[in-house]
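Text of coords.cif (mmCIF, C-alpha atoms) as supplied:
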data_start
loop_
_atom_site.group_PDB
_atom_site.id
_atom_site.type_symbol
_atom_site.label_atom_id
_atom_site.label_comp_id
_atom_site.auth_asym_id
_atom_site.auth_seq_id
_atom_site.Cartn_x
_atom_site.Cartn_y
_atom_site.Cartn_z
ATOM 1 C CA MET A 214 80.605 -2.806 67.659
ATOM 2 C CA SER A 215 79.750 -6.112 69.303
ATOM 3 C CA LEU A 216 76.472 -7.741 70.208
ATOM 4 C CA ALA A 217 75.006 -5.953 73.231
ATOM 5 C CA LEU A 218 72.018 -7.441 75.043
ATOM 6 C CA PRO A 219 70.341 -5.214 77.638
ATOM 7 C CA SER A 220 68.305 -8.125 79.044
ATOM 8 C CA PRO A 221 68.037 -11.928 78.714
ATOM 9 C CA VAL A 222 66.994 -13.349 75.346
ATOM 10 C CA VAL A 223 65.004 -16.569 74.970
ATOM 11 C CA ARG A 224 64.966 -18.287 71.608
ATOM 12 C CA VAL A 225 61.992 -20.547 70.964
ATOM 13 C CA GLU A 226 63.074 -23.404 68.696
ATOM 14 C CA ALA A 227 60.630 -25.989 67.364
ATOM 15 C CA HIS A 228 63.278 -28.711 67.012
ATOM 16 C CA GLU A 229 66.474 -29.855 68.672
ATOM 17 C CA LEU A 230 69.627 -28.010 67.689
ATOM 18 C CA PRO A 231 72.473 -30.166 66.343
ATOM 19 C CA ALA A 232 75.633 -30.327 68.431
ATOM 20 C CA GLY A 233 77.854 -29.686 65.429
ATOM 21 C CA PRO A 234 77.778 -28.451 61.826
ATOM 22 C CA GLU A 235 75.012 -30.831 60.866
ATOM 23 C CA PRO A 236 71.627 -30.488 59.113
ATOM 24 C CA ARG A 237 68.946 -28.762 61.163
ATOM 25 C CA ILE A 238 65.271 -29.655 60.829
ATOM 26 C CA GLY A 239 63.212 -26.779 59.486
ATOM 27 C CA VAL A 240 65.903 -25.383 57.166
ATOM 28 C CA PRO A 241 65.182 -27.091 53.819
ATOM 29 C CA GLN A 242 67.080 -24.409 51.916
ATOM 30 C CA ALA A 243 70.328 -25.589 53.542
ATOM 31 C CA VAL A 244 70.667 -28.313 50.899
ATOM 32 C CA HIS A 245 71.228 -25.636 48.242
ATOM 33 C CA ILE A 246 74.281 -23.428 47.740
ATOM 34 C CA HIS A 247 74.790 -20.427 50.017
ATOM 35 C CA TRP A 248 77.365 -17.727 50.396
ATOM 36 C CA LEU A 249 77.887 -14.696 52.577
ATOM 37 C CA GLN A 250 78.488 -11.597 50.483
ATOM 38 C CA THR A 251 80.692 -8.783 51.766
ATOM 39 C CA GLY A 252 77.931 -6.843 53.498
ATOM 40 C CA GLY A 253 76.563 -9.911 55.246
ATOM 41 C CA ALA A 254 79.990 -11.092 56.354
ATOM 42 C CA GLU A 255 80.833 -7.644 57.704
ATOM 43 C CA ALA A 256 77.521 -7.415 59.545
ATOM 44 C CA VAL A 257 78.097 -10.801 61.207
ATOM 45 C CA GLU A 258 81.641 -9.799 62.128
ATOM 46 C CA ALA A 259 80.462 -6.501 63.626
ATOM 47 C CA LEU A 260 77.904 -8.242 65.828
ATOM 48 C CA LEU A 261 79.957 -11.346 66.586
ATOM 49 C CA PRO A 262 83.668 -10.494 66.307
ATOM 50 C CA GLY A 263 85.822 -13.400 65.262
ATOM 51 C CA SER A 264 83.097 -15.270 63.376
ATOM 52 C CA THR A 265 84.790 -14.936 60.000
ATOM 53 C CA GLY A 266 88.038 -16.291 61.391
ATOM 54 C CA LEU A 267 86.223 -19.245 62.943
ATOM 55 C CA LEU A 268 84.505 -20.015 59.659
ATOM 56 C CA LEU A 269 87.772 -19.904 57.729
ATOM 57 C CA ALA A 270 89.519 -22.031 60.363
ATOM 58 C CA ALA A 271 86.736 -24.626 59.975
ATOM 59 C CA GLY A 272 87.327 -24.826 56.222
ATOM 60 C CA ALA A 273 85.194 -22.053 54.730
ATOM 61 C CA HIS A 274 86.632 -20.116 51.781
ATOM 62 C CA ARG A 275 87.104 -16.363 51.355
ATOM 63 C CA ILE A 276 86.800 -15.707 47.626
ATOM 64 C CA PRO A 277 87.536 -12.284 46.096
ATOM 65 C CA VAL A 278 84.935 -10.874 43.699
ATOM 66 C CA THR A 279 85.330 -11.308 40.769
ATOM 67 C CA THR A 280 89.042 -12.085 40.933
ATOM 68 C CA ASN A 281 88.469 -15.725 41.771
ATOM 69 C CA MET A 282 85.196 -16.368 39.975
ATOM 70 C CA VAL A 283 84.572 -18.203 36.721
ATOM 71 C CA ILE A 284 81.064 -17.176 35.696
ATOM 72 C CA GLN A 285 79.440 -17.362 32.284
ATOM 73 C CA SER A 286 76.758 -14.722 31.746
ATOM 74 C CA PRO A 287 74.550 -14.210 28.685
ATOM 75 C CA GLU A 288 77.064 -11.539 27.556
ATOM 76 C CA GLY A 289 80.114 -13.747 28.066
ATOM 77 C CA TRP A 290 82.573 -14.568 30.848
ATOM 78 C CA TYR A 291 82.823 -12.211 33.790
ATOM 79 C CA ARG A 292 86.001 -10.151 33.847
ATOM 80 C CA ARG A 293 88.243 -11.327 36.687
ATOM 81 C CA TRP A 294 89.447 -8.085 38.269
ATOM 82 C CA GLN A 295 93.011 -8.024 39.617
ATOM 83 C CA ARG A 296 92.170 -5.844 42.636
ATOM 84 C CA ALA A 297 89.053 -7.038 44.456
ATOM 85 C CA THR A 298 87.046 -4.714 46.691
ATOM 86 C CA HIS A 299 84.491 -7.334 47.709
ATOM 87 C CA HIS A 300 84.517 -10.980 48.681
ATOM 88 C CA VAL A 301 82.205 -13.880 49.474
ATOM 89 C CA ILE A 302 82.512 -16.502 52.203
ATOM 90 C CA THR A 303 81.534 -19.956 50.945
ATOM 91 C CA ALA A 304 80.738 -22.879 53.241
ATOM 92 C CA SER A 305 77.927 -25.305 53.832
ATOM 93 C CA ARG A 306 74.883 -23.693 55.405
ATOM 94 C CA ASP A 307 75.263 -26.183 58.253
ATOM 95 C CA LEU A 308 78.753 -24.908 59.086
ATOM 96 C CA THR A 309 77.773 -21.252 58.828
ATOM 97 C CA ASP A 310 74.765 -21.766 61.088
ATOM 98 C CA PHE A 311 76.810 -23.724 63.629
ATOM 99 C CA VAL A 312 79.617 -21.156 63.925
ATOM 100 C CA ILE A 313 77.203 -18.249 64.321
ATOM 101 C CA ARG A 314 74.965 -20.190 66.726
ATOM 102 C CA GLU A 315 77.917 -21.120 68.925
ATOM 103 C CA GLN A 316 79.046 -17.505 69.033
ATOM 104 C CA VAL A 317 75.607 -16.299 70.076
ATOM 105 C CA LEU A 318 75.102 -18.997 72.713
ATOM 106 C CA LYS A 319 78.378 -18.094 74.418
ATOM 107 C CA ASP A 320 76.531 -15.148 75.903
ATOM 108 C CA PRO A 321 75.014 -16.359 79.208
ATOM 109 C CA ARG A 322 72.044 -14.067 78.674
ATOM 110 C CA VAL A 323 70.929 -16.109 75.641
ATOM 111 C CA SER A 324 69.017 -19.349 76.186
ATOM 112 C CA VAL A 325 67.113 -21.717 73.895
ATOM 113 C CA ARG A 326 63.861 -23.577 74.516
ATOM 114 C CA THR A 327 64.020 -26.516 72.102
ATOM 115 C CA GLN A 328 61.146 -28.807 71.100
ATOM 116 C CA THR A 329 58.896 -25.797 71.646
ATOM 117 C CA LYS A 330 56.637 -23.966 69.203
ATOM 118 C CA ALA A 331 55.274 -20.457 69.436
ATOM 119 C CA VAL A 332 51.527 -20.744 68.858
ATOM 120 C CA GLY A 333 50.226 -17.243 69.485
ATOM 121 C CA LEU A 334 50.755 -13.760 70.852
ATOM 122 C CA LEU A 335 49.914 -12.379 74.268
ATOM 123 C CA GLY A 336 48.579 -8.870 74.621
ATOM 124 C CA ASP A 337 46.263 -6.781 72.500
ATOM 125 C CA ARG A 338 46.275 -4.604 69.396
ATOM 126 C CA HIS A 339 48.210 -1.913 71.278
ATOM 127 C CA THR A 340 50.983 -3.923 72.968
ATOM 128 C CA VAL A 341 52.360 -7.448 72.667
ATOM 129 C CA THR A 342 53.530 -8.772 76.021
ATOM 130 C CA GLY A 343 54.759 -12.259 75.122
ATOM 131 C CA VAL A 344 53.949 -15.486 73.296
ATOM 132 C CA ARG A 345 52.050 -18.671 73.990
ATOM 133 C CA VAL A 346 54.252 -21.710 73.459
ATOM 134 C CA GLN A 347 53.602 -25.425 73.197
ATOM 135 C CA ASP A 348 56.085 -28.193 73.945
ATOM 136 C CA SER A 349 56.412 -31.501 72.118
ATOM 137 C CA GLY A 350 53.915 -33.098 74.485
ATOM 138 C CA GLY A 351 51.232 -30.520 73.725
ATOM 139 C CA THR A 352 51.513 -28.622 77.007
ATOM 140 C CA GLU A 353 51.043 -24.883 76.611
ATOM 141 C CA ALA A 354 52.724 -22.111 78.601
ATOM 142 C CA GLU A 355 53.202 -18.357 78.476
ATOM 143 C CA VAL A 356 56.531 -16.613 77.905
ATOM 144 C CA ARG A 357 56.406 -12.948 78.885
ATOM 145 C CA ALA A 358 58.791 -10.520 77.177
ATOM 146 C CA ASP A 359 59.313 -6.830 76.492
ATOM 147 C CA LEU A 360 60.114 -7.531 72.839
ATOM 148 C CA ILE A 361 58.944 -10.356 70.562
ATOM 149 C CA ILE A 362 60.831 -10.949 67.294
ATOM 150 C CA ASP A 363 59.300 -13.130 64.593
ATOM 151 C CA ALA A 364 62.144 -14.748 62.639
ATOM 152 C CA CYS A 365 60.194 -17.857 61.622
ATOM 153 C CA GLY A 366 60.781 -17.299 57.908
ATOM 154 C CA ARG A 367 58.389 -18.727 55.345
ATOM 155 C CA ALA A 368 56.643 -20.700 58.106
ATOM 156 C CA THR A 369 55.529 -17.550 59.937
ATOM 157 C CA ARG A 370 52.030 -17.519 61.401
ATOM 158 C CA MET A 371 52.099 -13.800 62.150
ATOM 159 C CA PRO A 372 49.133 -12.857 59.904
ATOM 160 C CA GLN A 373 46.906 -15.313 61.805
ATOM 161 C CA TRP A 374 48.294 -14.230 65.185
ATOM 162 C CA LEU A 375 47.560 -10.581 64.413
ATOM 163 C CA LYS A 376 43.986 -11.462 63.558
ATOM 164 C CA GLY A 377 43.750 -12.978 67.025
ATOM 165 C CA LEU A 378 44.566 -9.535 68.410
ATOM 166 C CA GLY A 379 41.940 -7.887 66.232
ATOM 167 C CA ILE A 380 44.409 -6.587 63.645
ATOM 168 C CA SER A 381 43.207 -7.473 60.162
ATOM 169 C CA SER A 382 43.331 -6.080 56.614
ATOM 170 C CA LEU A 383 46.941 -7.195 56.117
ATOM 171 C CA THR A 384 47.752 -7.232 52.409
ATOM 172 C CA GLU A 385 50.260 -9.489 50.707
ATOM 173 C CA GLU A 386 51.687 -10.025 47.261
ATOM 174 C CA ARG A 387 52.798 -13.325 45.732
ATOM 175 C CA VAL A 388 54.742 -13.948 42.528
ATOM 176 C CA ASP A 389 55.676 -17.508 41.629
ATOM 177 C CA SER A 390 58.046 -18.032 38.713
ATOM 178 C CA GLY A 391 57.988 -21.790 39.227
ATOM 179 C CA LEU A 392 61.777 -21.961 39.488
ATOM 180 C CA ALA A 393 63.119 -25.188 41.019
ATOM 181 C CA TYR A 394 66.475 -26.168 42.541
ATOM 182 C CA ALA A 395 68.312 -29.467 42.431
ATOM 183 C CA SER A 396 71.480 -29.809 44.521
ATOM 184 C CA ARG A 397 74.035 -32.320 45.693
ATOM 185 C CA ILE A 398 77.483 -32.379 47.269
ATOM 186 C CA TYR A 399 80.592 -33.834 45.610
ATOM 187 C CA ARG A 400 84.081 -34.731 46.716
ATOM 188 C CA ALA A 401 86.295 -32.440 44.640
ATOM 189 C CA PRO A 402 88.992 -34.157 42.554
ATOM 190 C CA VAL A 403 91.636 -31.740 43.897
ATOM 191 C CA PRO A 404 92.149 -29.744 47.128
ATOM 192 C CA THR A 405 89.786 -26.799 47.019
ATOM 193 C CA ARG A 406 91.845 -24.136 48.805
ATOM 194 C CA GLY A 407 91.999 -21.280 46.308
ATOM 195 C CA TRP A 408 89.313 -22.866 44.135
ATOM 196 C CA PRO A 409 86.998 -20.349 42.422
ATOM 197 C CA VAL A 410 83.253 -19.984 42.402
ATOM 198 C CA VAL A 411 82.060 -21.443 39.097
ATOM 199 C CA GLY A 412 78.689 -20.460 37.669
ATOM 200 C CA VAL A 413 76.603 -20.461 34.511
ATOM 201 C CA GLN A 414 73.729 -18.018 34.264
ATOM 202 C CA ALA A 415 70.528 -18.384 32.264
ATOM 203 C CA ASP A 416 70.149 -16.540 28.962
ATOM 204 C CA PRO A 417 66.610 -15.094 28.656
ATOM 205 C CA ARG A 418 67.111 -14.552 24.940
ATOM 206 C CA LEU A 419 67.223 -18.261 24.195
ATOM 207 C CA PRO A 420 64.081 -20.267 23.452
ATOM 208 C CA GLY A 421 62.926 -22.656 26.127
ATOM 209 C CA PRO A 422 62.991 -22.483 29.930
ATOM 210 C CA GLY A 423 65.833 -20.713 31.683
ATOM 211 C CA LYS A 424 68.519 -22.859 33.323
ATOM 212 C CA ALA A 425 71.458 -21.956 35.544
ATOM 213 C CA GLY A 426 73.878 -23.545 37.982
ATOM 214 C CA GLY A 427 76.826 -23.039 40.261
ATOM 215 C CA ILE A 428 79.634 -24.803 42.106
ATOM 216 C CA LEU A 429 80.840 -23.445 45.428
ATOM 217 C CA PRO A 430 83.892 -24.809 47.236
ATOM 218 C CA ILE A 431 82.972 -25.665 50.829
ATOM 219 C CA GLU A 432 84.759 -27.175 53.807
ATOM 220 C CA GLY A 433 86.287 -30.645 53.582
ATOM 221 C CA ASP A 434 87.511 -30.330 49.967
ATOM 222 C CA ARG A 435 83.950 -30.603 48.757
ATOM 223 C CA TRP A 436 81.867 -28.877 46.095
ATOM 224 C CA HIS A 437 78.291 -27.817 46.729
ATOM 225 C CA VAL A 438 76.473 -27.857 43.403
ATOM 226 C CA SER A 439 73.065 -26.401 42.604
ATOM 227 C CA LEU A 440 71.207 -26.456 39.307
ATOM 228 C CA MET A 441 68.193 -24.222 38.719
ATOM 229 C CA GLY A 442 65.454 -24.425 36.091
ATOM 230 C CA ALA A 443 62.252 -22.637 35.149
ATOM 231 C CA PRO A 444 59.020 -24.582 34.483
ATOM 232 C CA GLY A 445 59.582 -27.075 31.705
ATOM 233 C CA GLY A 446 63.287 -27.150 32.493
ATOM 234 C CA HIS A 447 63.418 -28.647 35.988
ATOM 235 C CA SER A 448 66.025 -31.147 37.037
ATOM 236 C CA THR A 449 64.741 -34.248 38.827
ATOM 237 C CA ARG A 450 65.732 -36.200 41.932
ATOM 238 C CA GLU A 451 67.245 -38.900 39.749
ATOM 239 C CA ALA A 452 70.982 -39.011 40.406
ATOM 240 C CA GLU A 453 71.777 -40.203 36.883
ATOM 241 C CA ALA A 454 70.006 -37.135 35.434
ATOM 242 C CA PHE A 455 71.911 -34.515 37.439
ATOM 243 C CA GLU A 456 75.072 -34.219 35.370
ATOM 244 C CA PRO A 457 73.276 -34.521 31.984
ATOM 245 C CA PHE A 458 71.079 -31.608 33.085
ATOM 246 C CA ALA A 459 74.213 -29.588 33.889
ATOM 247 C CA ARG A 460 75.369 -30.185 30.317
ATOM 248 C CA THR A 461 72.227 -28.475 28.964
ATOM 249 C CA LEU A 462 73.212 -25.118 30.494
ATOM 250 C CA LEU A 463 74.510 -22.202 28.470
ATOM 251 C CA HIS A 464 78.050 -23.592 28.859
ATOM 252 C CA PRO A 465 79.130 -27.170 29.756
ATOM 253 C CA VAL A 466 81.812 -26.122 32.286
ATOM 254 C CA LEU A 467 79.856 -27.468 35.269
ATOM 255 C CA ALA A 468 79.254 -30.842 33.657
ATOM 256 C CA ASP A 469 82.891 -31.040 32.550
ATOM 257 C CA LEU A 470 84.032 -30.503 36.143
ATOM 258 C CA LEU A 471 81.503 -32.854 37.732
ATOM 259 C CA LYS A 472 82.560 -35.830 35.647
ATOM 260 C CA HIS A 473 85.866 -35.763 37.575
ATOM 261 C CA ALA A 474 84.219 -35.476 41.021
ATOM 262 C CA GLU A 475 82.702 -38.058 43.357
ATOM 263 C CA PRO A 476 79.057 -37.566 44.399
ATOM 264 C CA LEU A 477 78.647 -37.782 48.172
ATOM 265 C CA THR A 478 74.890 -37.261 48.449
ATOM 266 C CA GLY A 479 71.728 -37.841 46.530
ATOM 267 C CA VAL A 480 69.894 -35.037 44.739
ATOM 268 C CA SER A 481 67.759 -32.679 46.840
ATOM 269 C CA VAL A 482 65.011 -30.787 45.004
ATOM 270 C CA THR A 483 63.056 -27.707 46.092
ATOM 271 C CA ARG A 484 60.123 -26.318 44.133
ATOM 272 C CA SER A 485 58.599 -24.065 46.815
ATOM 273 C CA THR A 486 60.317 -20.873 45.675
ATOM 274 C CA GLU A 487 57.378 -18.477 45.548
ATOM 275 C CA ASN A 488 58.132 -14.806 46.199
ATOM 276 C CA ARG A 489 55.888 -13.400 48.958
ATOM 277 C CA ARG A 490 55.687 -10.099 50.776
ATOM 278 C CA TYR A 491 53.447 -9.004 53.623
ATOM 279 C CA TYR A 492 52.808 -5.242 53.784
ATOM 280 C CA TYR A 493 52.864 -4.803 57.548
ATOM 281 C CA GLU A 494 53.781 -1.149 57.156
ATOM 282 C CA ARG A 495 50.352 -0.452 55.637
ATOM 283 C CA LEU A 496 48.429 -1.615 58.691
ATOM 284 C CA ARG A 497 46.640 1.140 60.599
ATOM 285 C CA HIS A 498 47.511 -0.469 63.935
ATOM 286 C CA TRP A 499 50.792 -2.045 64.983
ATOM 287 C CA PRO A 500 51.368 -3.181 68.559
ATOM 288 C CA GLU A 501 54.325 -2.043 70.615
ATOM 289 C CA GLY A 502 56.841 -4.745 71.486
ATOM 290 C CA LEU A 503 56.605 -6.671 68.203
ATOM 291 C CA VAL A 504 59.111 -6.892 65.348
ATOM 292 C CA VAL A 505 58.934 -9.069 62.233
ATOM 293 C CA LEU A 506 62.183 -9.790 60.359
ATOM 294 C CA GLY A 507 63.551 -11.386 57.214
ATOM 295 C CA ASP A 508 61.533 -13.968 55.328
ATOM 296 C CA SER A 509 58.712 -13.533 57.831
ATOM 297 C CA VAL A 510 58.114 -10.226 56.051
ATOM 298 C CA ALA A 511 59.372 -10.847 52.523
ATOM 299 C CA ALA A 512 60.537 -14.210 51.189
ATOM 300 C CA PHE A 513 62.205 -14.096 47.797
ATOM 301 C CA ASN A 514 63.508 -16.713 45.429
ATOM 302 C CA PRO A 515 67.284 -16.462 46.034
ATOM 303 C CA VAL A 516 68.260 -16.785 42.359
ATOM 304 C CA GLN A 517 65.859 -14.011 41.364
ATOM 305 C CA ARG A 518 67.142 -11.864 44.242
ATOM 306 C CA ALA A 519 70.749 -12.464 43.184
ATOM 307 C CA ALA A 520 69.879 -11.587 39.599
ATOM 308 C CA ASP A 521 69.428 -8.002 40.770
ATOM 309 C CA GLY A 522 73.120 -7.917 41.715
ATOM 310 C CA PRO A 523 76.324 -8.582 39.792
ATOM 311 C CA HIS A 524 77.236 -12.093 40.871
ATOM 312 C CA GLY A 525 74.782 -14.597 39.433
ATOM 313 C CA PRO A 526 73.797 -17.641 41.499
ATOM 314 C CA PRO A 527 73.307 -17.022 45.252
#
Using the file provided, produce a representation of the structure as structure tokens.
Amino acid sequence: MSLALPSPVVRVEAHELPAGPEPRIGVPQAVHIHWLQTGGAEAVEALLPGSTGLLLAAGAHRIPVTTNMVIQSPEGWYRRWQRATHHVITASRDLTDFVIREQVLKDPRVSVRTQTKAVGLLGDRHTVTGVRVQDSGGTEAEVRADLIIDACGRATRMPQWLKGLGISSLTEERVDSGLAYASRIYRAPVPTRGWPVVGVQADPRLPGPGKAGGILPIEGDRWHVSLMGAPGGHSTREAEAFEPFARTLLHPVLADLLKHAEPLTGVSVTRSTENRRYYYERLRHWPEGLVVLGDSVAAFNPVQRAADGPHGPP
């Protein structure tokens, strides 16, 4: 199966899109480690054939699970299975976004309106017929469409927009564990082709706040490193505190590796990791022509989400 578009698609983008695999405004989570698990990689490949090959050619890594993983869990080291049935693709978020974006924009039916914000819905409680947009100069316009997809993530304004159509009583749930991330990128001391994912999970049985961390090999013989801590155990933005914090984890393997690597960036910290879900399915009225996806519906702390699966850090 490949991506099939029955009619033109217009993407409304609040900022300019970078010309290459560079940071994009509005994606603060990109400074922390990411990987594509098997299901995600296969879904991308099904929609955009050749994407995995392009990622690997650009320096991403295909790492078998758990064959090429060194992960310390509260119960001990993960067993490294000889015959892997799953894999992860590791790369910087900037590279992953760029490769997928370039694949999508090859289709002449897809266009992007940059420096433009969606500011409201057109239509009524029965049918949505488009969106109101505003450019960087404050000028508003209408974009008519048969289908509107909200993929704005945590920044979604959909609850307020629905109220403007007379649809209220939306319920939501929020759970905030207070977990924080601190991340930076290093030049690896050796070529990273064939390098494993390295991770240390938190042990909830120990006194004190939970702490965890991971090293992912990414393009350019670099390591992307993220350290996570619960309230009372947060890392700071201070560069000199990053590696000492890594040494306070359940096992010092991350700190032992980092002392041989060269830091290439400062420390980026994120504390806005609240879990939030909107229960759109409970609304009595839902207009035709409107879909809400991903974090616009349910935004989860990635470490907590990954803890439900077998592989530790995200």
Can you list, as a tab-separated table (two decimals) with C-alpha atoms, in the frame of the given file, the residues that the PyMOL selection byres ((chain A and resi 273) around 12) selects here?
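Dumped to out15.tsv:
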chain	number	residue	atom	x	y	z
A	247	HIS	CA	74.79	-20.43	50.02
A	248	TRP	CA	77.36	-17.73	50.40
A	249	LEU	CA	77.89	-14.70	52.58
A	264	SER	CA	83.10	-15.27	63.38
A	265	THR	CA	84.79	-14.94	60.00
A	266	GLY	CA	88.04	-16.29	61.39
A	267	LEU	CA	86.22	-19.24	62.94
A	268	LEU	CA	84.50	-20.02	59.66
A	269	LEU	CA	87.77	-19.90	57.73
A	270	ALA	CA	89.52	-22.03	60.36
A	271	ALA	CA	86.74	-24.63	59.98
A	272	GLY	CA	87.33	-24.83	56.22
A	274	HIS	CA	86.63	-20.12	51.78
A	275	ARG	CA	87.10	-16.36	51.36
A	276	ILE	CA	86.80	-15.71	47.63
A	301	VAL	CA	82.20	-13.88	49.47
A	302	ILE	CA	82.51	-16.50	52.20
A	303	THR	CA	81.53	-19.96	50.94
A	304	ALA	CA	80.74	-22.88	53.24
A	305	SER	CA	77.93	-25.30	53.83
A	306	ARG	CA	74.88	-23.69	55.40
A	307	ASP	CA	75.26	-26.18	58.25
A	308	LEU	CA	78.75	-24.91	59.09
A	309	THR	CA	77.77	-21.25	58.83
A	312	VAL	CA	79.62	-21.16	63.92
A	405	THR	CA	89.79	-26.80	47.02
A	406	ARG	CA	91.84	-24.14	48.80
A	407	GLY	CA	92.00	-21.28	46.31
A	408	TRP	CA	89.31	-22.87	44.14
A	429	LEU	CA	80.84	-23.44	45.43
A	430	PRO	CA	83.89	-24.81	47.24
A	431	ILE	CA	82.97	-25.66	50.83
A	432	GLU	CA	84.76	-27.18	53.81
A	433	GLY	CA	86.29	-30.64	53.58
A	434	ASP	CA	87.51	-30.33	49.97
A	435	ARG	CA	83.95	-30.60	48.76
A	436	TRP	CA	81.87	-28.88	46.10
Task: Neighbour list for range 330-340 of chain A as a PyMOL selection string, cut-off 12 Å, all atoms listed in the file, skip fewer than 5 positions in-chain - done: chain A and resi 223-229+325+345-365+368-381+496-504
Take the residues from that selection and put them in a file with C-alpha atoms, as a CSV table (one decimal), in the frame of the given file.
chain,number,residue,atom,x,y,z
A,223,VAL,CA,65.0,-16.6,75.0
A,224,ARG,CA,65.0,-18.3,71.6
A,225,VAL,CA,62.0,-20.5,71.0
A,226,GLU,CA,63.1,-23.4,68.7
A,227,ALA,CA,60.6,-26.0,67.4
A,228,HIS,CA,63.3,-28.7,67.0
A,229,GLU,CA,66.5,-29.9,68.7
A,325,VAL,CA,67.1,-21.7,73.9
A,345,ARG,CA,52.0,-18.7,74.0
A,346,VAL,CA,54.3,-21.7,73.5
A,347,GLN,CA,53.6,-25.4,73.2
A,348,ASP,CA,56.1,-28.2,73.9
A,349,SER,CA,56.4,-31.5,72.1
A,350,GLY,CA,53.9,-33.1,74.5
A,351,GLY,CA,51.2,-30.5,73.7
A,352,THR,CA,51.5,-28.6,77.0
A,353,GLU,CA,51.0,-24.9,76.6
A,354,ALA,CA,52.7,-22.1,78.6
A,355,GLU,CA,53.2,-18.4,78.5
A,356,VAL,CA,56.5,-16.6,77.9
A,357,ARG,CA,56.4,-12.9,78.9
A,358,ALA,CA,58.8,-10.5,77.2
A,359,ASP,CA,59.3,-6.8,76.5
A,360,LEU,CA,60.1,-7.5,72.8
A,361,ILE,CA,58.9,-10.4,70.6
A,362,ILE,CA,60.8,-10.9,67.3
A,363,ASP,CA,59.3,-13.1,64.6
A,364,ALA,CA,62.1,-14.7,62.6
A,365,CYS,CA,60.2,-17.9,61.6
A,368,ALA,CA,56.6,-20.7,58.1
A,369,THR,CA,55.5,-17.6,59.9
A,370,ARG,CA,52.0,-17.5,61.4
A,371,MET,CA,52.1,-13.8,62.2
A,372,PRO,CA,49.1,-12.9,59.9
A,373,GLN,CA,46.9,-15.3,61.8
A,374,TRP,CA,48.3,-14.2,65.2
A,375,LEU,CA,47.6,-10.6,64.4
A,376,LYS,CA,44.0,-11.5,63.6
A,377,GLY,CA,43.8,-13.0,67.0
A,378,LEU,CA,44.6,-9.5,68.4
A,379,GLY,CA,41.9,-7.9,66.2
A,380,ILE,CA,44.4,-6.6,63.6
A,381,SER,CA,43.2,-7.5,60.2
A,496,LEU,CA,48.4,-1.6,58.7
A,497,ARG,CA,46.6,1.1,60.6
A,498,HIS,CA,47.5,-0.5,63.9
A,499,TRP,CA,50.8,-2.0,65.0
A,500,PRO,CA,51.4,-3.2,68.6
A,501,GLU,CA,54.3,-2.0,70.6
A,502,GLY,CA,56.8,-4.7,71.5
A,503,LEU,CA,56.6,-6.7,68.2
A,504,VAL,CA,59.1,-6.9,65.3
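Nearest-residue note for Thr483 in chain A: choosing from A:Arg237, A:Arg400, A:Lys424, A:His245, the minimum distance belongs to A:His245, counting all atoms listed in the file.
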- [ ] Pull out every residue that the PyMOL selection byres ((chain A and resi 317-320) around 12) matches in the shown coordinates and put them as JSON, numbers by chain.
- [x] {"A": [215, 216, 217, 218, 219, 220, 221, 222, 223, 224, 230, 257, 258, 260, 261, 262, 263, 264, 310, 311, 312, 313, 314, 315, 316, 321, 322, 323, 324, 325]}
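With distances restricted to all atoms listed in the file, A:Ala393 is the closest residue to Gly446 in chain A from A:Ile238, A:Ala297, A:Ala393, A:Val505.
Relative to CA of Asp508 in chain A, CA of Pro417 in chain A is found at 27.2 Å.
Evaluated against this file, the PyMOL selection byres ((chain A and resi 488) around 8) yields Arg387, Val388, Asp389, Thr486, Glu487, Arg489, Arg490, Ala511, Ala512, Phe513 and Asn514 of chain A.
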Task: A:Val410, A:Leu462, A:Val482, A:Val438 ranked by distance to Pro241 in chain A, top pick (using all atoms listed in the file) - done: A:Val482
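The residue that comes closest to Gly442 in chain A, out of A:Arg484, A:Arg460, A:His299, A:Arg293 and on the basis of all atoms listed in the file, is A:Arg484.
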- [ ] Work out how far CA of Ala256 in chain A is from CA of Ser396 in chain A, in Å to one decimal.
- [x] 27.6 Å
TODO: State, in Å with one decimal place, the distance from CA of Gly507 in chain A to CA of Arg367 in chain A.
DONE: 9.2 Å
Task: Counting only C-alpha atoms, the residue of A:Leu471, A:Met441, A:Leu383, A:Leu477 that sits nearest Tyr491 in chain A - done: A:Leu383
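Take the candidates A:Ala259, A:Leu463, A:Thr279, A:Glu288 and check each one against Pro420 in chain A using only C-alpha atoms; the shortest distance goes to A:Leu463.
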Open item on the list: Taking 6 positions as the minimum chain separation for residues in the same chain, which residues sit within 9 Å of Leu440 in chain A when counting only C-alpha atoms? Answer as a ChimeraX atom specification.
Closed with: /A:245,393-396,424-427,447-448,455,458-459
